[in-house]
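Working notes, beginning with the structure itself.
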There are 2 protein chains.
Amino acid sequence: MLDRLTVVLVAPRNPLNIGAAARAMSNFGVFDLRLVQAYDLAFREARSAVKAGHVLAKAREFPTVAEAVADCSLVVGTTSIGARAIEHPIRRLEYGGRLIRKRLSVDRAALLFGSEKFGLGNEDMAHCHWLMRIPTRDEHASMNLGQAVAVCLYELARSTVAARQAPESRLPASSGDLERISTLLLEVLGRAGYVHARVAGSTELKTRRLVRRMGLSTHDAEVWLGMLRQIGWKLNQPPGA
Amino acid sequence: MLDRLTVVLVAPRNPLNIGAAARAMSNFGVFDLRLVQAYDLAFREARSAVKAGHVLAKAREFPTVAEAVADCSLVVGTTSIGARAIEHPIRRLEYGGRLIRKRLSVDRAALLFGSEKFGLGNEDMAHCHWLMRIPTRDEHASMNLGQAVAVCLYELARSTVAARQAPESRLPASSGDLERISTLLLEVLGRAGYVHARVAGSTELKTRRLVRRMGLSTHDAEVWLGMLRQIGWKLNQPPGA
């Protein structure tokens, strides 16, 4: 779906930022980079940047924003400054990302980023259907260009399903293993003099619960069994052996 | 809540990356940066970086990961390589972020990032409760350090409420305004010869629906009214006037 997204950098000045934008695009599977009024030198230097070669090699240059977004049915500008762009609706990335994803499911959309120093100008913004801002602190709203691209693309790539789902879980240890560990641990504690005869019953229950709270996987259960067997064996040896 | 988060950079080599990490921290309101085995020179150069001064000024150096995370009750390592770290549970950022936020609501947590070249080593990972990966493409999983920090902090700062909510909406135009616009537009179209008498009724309905699909705000409705009044006035002038 993100292959329908176009990233447009307007008047980027720093080759490191162009390279960083291209790298983030490659990370998240976005391959169509377009540059508007990029400094020639910056673009040439960026092309030599590592780790984003295929994105930069296919990047295209356009003289105007209008030409760069001509084939996109949704054009969204990014901004960190709310006040200047009051004429345009501004959406937070969390919500704007949803709208962009929706459009990408059927058509091509463009995401515009302005120059490092000034952001998008009013003329650039006039080509946008709406603006989007990353929810940064008011006291330090302006992000580095490469980081802003990475954050926006992550929001578009992130999975709401993954957020709700527990990850591929480790196989939990069986109750049989947990009981073997409890028994071995109690034996070891008994030999070590930890268990007082008077409270042995209560210690046994406490130990059993303690082991079940460990949340062990099958693999970790085996490791614990091995450790406890070895300790039990050692404690069984005559002193000084 | 994010003021309870600690960012730990282990063996960072590039001052630009240290500076970028600090800048992203400031953007998202995270202020506790700790460095483990940073190259002295890299750290000194980073300190002179702009736009993240207060975070870098307060950054602390530690000789070991153990010392850097001693006061944190949750330690999460970041990785782009699933296979190497198979011993540890690995969670995607969307889900892992939720767990970290939950912990931050009651206690201090640390997020570890490894060196640019090698990531976190096995020894560093052994200090982590679990690992987290950003959902990048398998073919190009490894992110730039500064961008990885920005994406992780954005996920922690992002609001699920904002994702569901429409933004501060513009005041929608009243039906009275929409009707005035429809009437004026029909007048203009009539004078311009667009409306054929034979289909005038159907054109009227089409125009009324067209105007209602514009999704106008009160402000834009006024602009349209002004434009149409002016066009209507001009069309009413004798030819050549």
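Identifiers in this document derive from the order of the structure tokens: chains are assigned A, B, ..., residues are numbered from 1 separately in each chain, and ligands are numbered from 1 in order of occurrence.
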
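Residues in contact with B:Arg158 at up to 9 Å, not including ones fewer than 6 positions away on its chain and judged by only C-alpha atoms, are Leu93, Glu94, Ile134 and Pro135 of chain A.
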
Within 9 Å of chain A: each chain B residue with its shortest pair, only C-alpha atoms, as a Markdown table:
| residue | atom | partner | partner_atom | distance |
| --- | --- | --- | --- | --- |
| B:Ala20 | CA | A:Asn144 | CA | 7.6 |
| B:Arg23 | CA | A:Met143 | CA | 7.6 |
| B:Ala24 | CA | A:Met143 | CA | 7.0 |
| B:Ser26 | CA | A:His140 | CA | 6.7 |
| B:Asn27 | CA | A:Thr136 | CA | 5.1 |
| B:Phe28 | CA | A:Thr136 | CA | 5.2 |
| B:Gly29 | CA | A:Arg137 | CA | 6.4 |
| B:Lys51 | CA | A:His140 | CA | 8.4 |
| B:Pro89 | CA | A:Arg170 | CA | 7.3 |
| B:Ile90 | CA | A:Pro167 | CA | 7.5 |
| B:Arg91 | CA | A:Pro167 | CA | 5.7 |
| B:Arg92 | CA | A:Ala162 | CA | 7.2 |
| B:Leu93 | CA | A:Ala163 | CA | 7.9 |
| B:Glu94 | CA | A:Ala163 | CA | 4.4 |
| B:Tyr95 | CA | A:Ala163 | CA | 4.3 |
| B:Gly96 | CA | A:Ala163 | CA | 8.0 |
| B:Gly97 | CA | A:Ala163 | CA | 8.2 |
| B:Arg98 | CA | A:Ala163 | CA | 7.4 |
| B:Ile134 | CA | A:Tyr154 | CA | 8.4 |
| B:Pro135 | CA | A:Arg158 | CA | 7.1 |
| B:Thr136 | CA | A:Asn27 | CA | 5.1 |
| B:Arg137 | CA | A:Asn27 | CA | 5.6 |
| B:Asp138 | CA | A:Asn27 | CA | 8.5 |
| B:Glu139 | CA | A:Asn27 | CA | 8.2 |
| B:His140 | CA | A:Asn27 | CA | 5.4 |
| B:Ala141 | CA | A:Asn27 | CA | 5.9 |
| B:Ser142 | CA | A:Asn27 | CA | 7.2 |
| B:Met143 | CA | A:Asn27 | CA | 6.8 |
| B:Asn144 | CA | A:Ala20 | CA | 7.6 |
| B:Gly146 | CA | A:Gln147 | CA | 7.1 |
| B:Gln147 | CA | A:Gln147 | CA | 4.9 |
| B:Ala148 | CA | A:Ala150 | CA | 8.1 |
| B:Val149 | CA | A:Gln147 | CA | 8.8 |
| B:Ala150 | CA | A:Gln147 | CA | 6.1 |
| B:Val151 | CA | A:Val151 | CA | 5.0 |
| B:Cys152 | CA | A:Val151 | CA | 8.7 |
| B:Tyr154 | CA | A:Val151 | CA | 6.8 |
| B:Glu155 | CA | A:Glu155 | CA | 8.3 |
| B:Ala157 | CA | A:Pro135 | CA | 7.7 |
| B:Arg158 | CA | A:Glu94 | CA | 6.9 |
| B:Ser159 | CA | A:Glu94 | CA | 7.1 |
| B:Thr160 | CA | A:Glu94 | CA | 7.4 |
| B:Val161 | CA | A:Glu94 | CA | 8.7 |
| B:Ala162 | CA | A:Glu94 | CA | 6.0 |
| B:Ala163 | CA | A:Tyr95 | CA | 4.2 |
| B:Arg164 | CA | A:Tyr95 | CA | 6.5 |
| B:Gln165 | CA | A:Tyr95 | CA | 6.9 |
| B:Ala166 | CA | A:Tyr95 | CA | 7.0 |
| B:Pro167 | CA | A:Arg91 | CA | 5.8 |
| B:Glu168 | CA | A:Arg91 | CA | 8.2 |
| B:Ser169 | CA | A:Pro89 | CA | 7.8 |
| B:Arg170 | CA | A:Pro89 | CA | 7.5 |

Two-atom distance - atom CA of B:Val36, atom CA of B:Arg133 (Å): 20.7 Å

Given only C-alpha atoms as the counted atoms, nearest of B:Val188, B:Ala173, B:Leu216, B:Val8 to B:Phe31: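 Among the listed residues, B:Val8 lies closest to B:Phe31.
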
DSSP-assigned strand (DSSP E) members of stretch 51-224 of chain A, reported as a list in words: Arg60, Glu61, Phe62, Leu74, Val75, Val76, Gly77, Thr78, Ile90, Arg91, Arg92, Ala109, Ala110, Leu111, Leu112, Phe113, Trp130, Leu131, Met132 and Arg133 of chain A

Mind dumping the selected residues with C-alpha atoms as a PDB file, in the first residue's frame?
ATOM      1  CA  ARG A  60      13.058  12.677  -9.789  1.00  0.00           C
ATOM      2  CA  GLU A  61      13.473  16.458  -9.816  1.00  0.00           C
ATOM      3  CA  PHE A  62      10.678  18.934 -10.556  1.00  0.00           C
ATOM      4  CA  LEU A  74      -4.309  13.738  -2.057  1.00  0.00           C
ATOM      5  CA  VAL A  75      -1.524  16.157  -1.181  1.00  0.00           C
ATOM      6  CA  VAL A  76      -0.625  16.617   2.486  1.00  0.00           C
ATOM      7  CA  GLY A  77       1.911  19.163   3.739  1.00  0.00           C
ATOM      8  CA  THR A  78       3.821  18.748   6.980  1.00  0.00           C
ATOM      9  CA  ILE A  90      -4.205  21.010  10.419  1.00  0.00           C
ATOM     10  CA  ARG A  91      -4.422  17.418  11.533  1.00  0.00           C
ATOM     11  CA  ARG A  92      -2.305  15.548  14.040  1.00  0.00           C
ATOM     12  CA  ALA A 109      -1.011  10.390  -2.288  1.00  0.00           C
ATOM     13  CA  ALA A 110       1.882  12.794  -1.710  1.00  0.00           C
ATOM     14  CA  LEU A 111       3.471  13.876   1.549  1.00  0.00           C
ATOM     15  CA  LEU A 112       5.363  17.191   1.374  1.00  0.00           C
ATOM     16  CA  PHE A 113       8.256  18.279   3.554  1.00  0.00           C
ATOM     17  CA  TRP A 130      -4.582  19.839   4.312  1.00  0.00           C
ATOM     18  CA  LEU A 131      -1.611  20.021   6.664  1.00  0.00           C
ATOM     19  CA  MET A 132      -0.307  17.556   9.198  1.00  0.00           C
ATOM     20  CA  ARG A 133       1.793  18.059  12.286  1.00  0.00           C
TER      21      ARG A 133
END

Hey, what does DSSP flag as helix (DSSP H, G or I) within stretch 58-195 of chain A? Can you give it to me as a PDB file with C-alpha atoms, in the first residue's frame?
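Once everything was written out, this is states_25.pdb:
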ATOM      1  CA  VAL A  65       5.303  21.663  -6.429  1.00  0.00           C
ATOM      2  CA  ALA A  66       2.376  21.657  -8.878  1.00  0.00           C
ATOM      3  CA  GLU A  67       4.326  19.469 -11.321  1.00  0.00           C
ATOM      4  CA  ALA A  68       5.654  17.211  -8.556  1.00  0.00           C
ATOM      5  CA  LEU A  93      -0.215  12.750  12.554  1.00  0.00           C
ATOM      6  CA  GLU A  94      -2.185  10.048  14.408  1.00  0.00           C
ATOM      7  CA  TYR A  95      -5.422  11.096  12.716  1.00  0.00           C
ATOM      8  CA  GLY A  96      -3.972  12.389   9.449  1.00  0.00           C
ATOM      9  CA  GLY A  97      -2.102   9.119   9.024  1.00  0.00           C
ATOM     10  CA  ARG A  98      -5.422   7.262   9.024  1.00  0.00           C
ATOM     11  CA  LEU A  99      -6.807   9.513   6.312  1.00  0.00           C
ATOM     12  CA  ILE A 100      -3.692   9.078   4.172  1.00  0.00           C
ATOM     13  CA  ARG A 101      -3.745   5.288   4.580  1.00  0.00           C
ATOM     14  CA  LYS A 102      -7.381   5.284   3.512  1.00  0.00           C
ATOM     15  CA  ARG A 103      -6.554   7.206   0.346  1.00  0.00           C
ATOM     16  CA  LEU A 104      -3.509   5.023  -0.371  1.00  0.00           C
ATOM     17  CA  ASN A 122       2.533  29.524   1.838  1.00  0.00           C
ATOM     18  CA  GLU A 123       2.750  28.898  -1.908  1.00  0.00           C
ATOM     19  CA  ASP A 124       3.699  25.260  -1.353  1.00  0.00           C
ATOM     20  CA  MET A 125       0.900  24.855   1.182  1.00  0.00           C
ATOM     21  CA  ASP A 138       5.159  23.391  21.761  1.00  0.00           C
ATOM     22  CA  GLU A 139       8.467  24.565  23.260  1.00  0.00           C
ATOM     23  CA  HIS A 140      10.493  22.596  20.688  1.00  0.00           C
ATOM     24  CA  LEU A 145      13.954  16.698   8.371  1.00  0.00           C
ATOM     25  CA  GLY A 146      15.212  13.112   8.213  1.00  0.00           C
ATOM     26  CA  GLN A 147      13.623  12.315  11.565  1.00  0.00           C
ATOM     27  CA  ALA A 148      10.317  13.914  10.577  1.00  0.00           C
ATOM     28  CA  VAL A 149      10.178  11.761   7.430  1.00  0.00           C
ATOM     29  CA  ALA A 150      10.955   8.635   9.481  1.00  0.00           C
ATOM     30  CA  VAL A 151       8.240   9.385  12.056  1.00  0.00           C
ATOM     31  CA  CYS A 152       5.566  10.104   9.418  1.00  0.00           C
ATOM     32  CA  LEU A 153       6.366   6.949   7.454  1.00  0.00           C
ATOM     33  CA  TYR A 154       6.355   4.889  10.640  1.00  0.00           C
ATOM     34  CA  GLU A 155       2.859   6.153  11.465  1.00  0.00           C
ATOM     35  CA  LEU A 156       1.707   5.136   7.980  1.00  0.00           C
ATOM     36  CA  ALA A 157       3.408   1.725   8.262  1.00  0.00           C
ATOM     37  CA  THR A 160      -3.048  -1.121  14.725  1.00  0.00           C
ATOM     38  CA  VAL A 161      -3.469  -4.882  14.865  1.00  0.00           C
ATOM     39  CA  ALA A 162       0.101  -5.305  16.121  1.00  0.00           C
ATOM     40  CA  ALA A 163      -0.605  -2.740  18.850  1.00  0.00           C
ATOM     41  CA  ARG A 164      -3.415  -4.831  20.277  1.00  0.00           C
ATOM     42  CA  SER A 175       2.521 -27.421  34.879  1.00  0.00           C
ATOM     43  CA  GLY A 176       4.500 -30.632  35.122  1.00  0.00           C
ATOM     44  CA  ASP A 177       7.765 -28.724  34.598  1.00  0.00           C
ATOM     45  CA  LEU A 178       6.721 -26.062  37.094  1.00  0.00           C
ATOM     46  CA  GLU A 179       5.979 -28.746  39.658  1.00  0.00           C
ATOM     47  CA  ARG A 180       9.355 -30.450  39.052  1.00  0.00           C
ATOM     48  CA  ILE A 181      11.084 -27.087  39.533  1.00  0.00           C
ATOM     49  CA  SER A 182       9.108 -26.416  42.727  1.00  0.00           C
ATOM     50  CA  THR A 183      10.010 -29.831  44.129  1.00  0.00           C
ATOM     51  CA  LEU A 184      13.699 -29.489  43.277  1.00  0.00           C
ATOM     52  CA  LEU A 185      13.834 -25.952  44.674  1.00  0.00           C
ATOM     53  CA  LEU A 186      12.227 -27.111  47.925  1.00  0.00           C
ATOM     54  CA  GLU A 187      14.724 -29.973  48.184  1.00  0.00           C
ATOM     55  CA  VAL A 188      17.606 -27.558  47.672  1.00  0.00           C
ATOM     56  CA  LEU A 189      16.182 -25.078  50.172  1.00  0.00           C
ATOM     57  CA  GLY A 190      15.685 -27.916  52.645  1.00  0.00           C
ATOM     58  CA  ARG A 191      19.284 -29.082  52.276  1.00  0.00           C
TER      59      ARG A 191
END

Atom CA of A:Leu35 to atom CA of A:Leu2, straight-line distance in Å: 18.4 Å

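You will find atom CA of B:Val199 at 22.8 Å from atom CA of B:Ile231.
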
Which residue of A:Pro172, A:Leu56, A:Thr6, A:Gln37 approaches A:Met214 most closely, using only C-alpha atoms: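 Using only C-alpha atoms, the shortest distance to A:Met214 belongs to A:Pro172.
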
Stretch 115-117 of chain B environment, 9 Å, only C-alpha atoms, sequence neighbours closer than 3 positions dropped, as a VMD selection string: chain B and resid 9 to 14 17 120 to 121 143 to 145
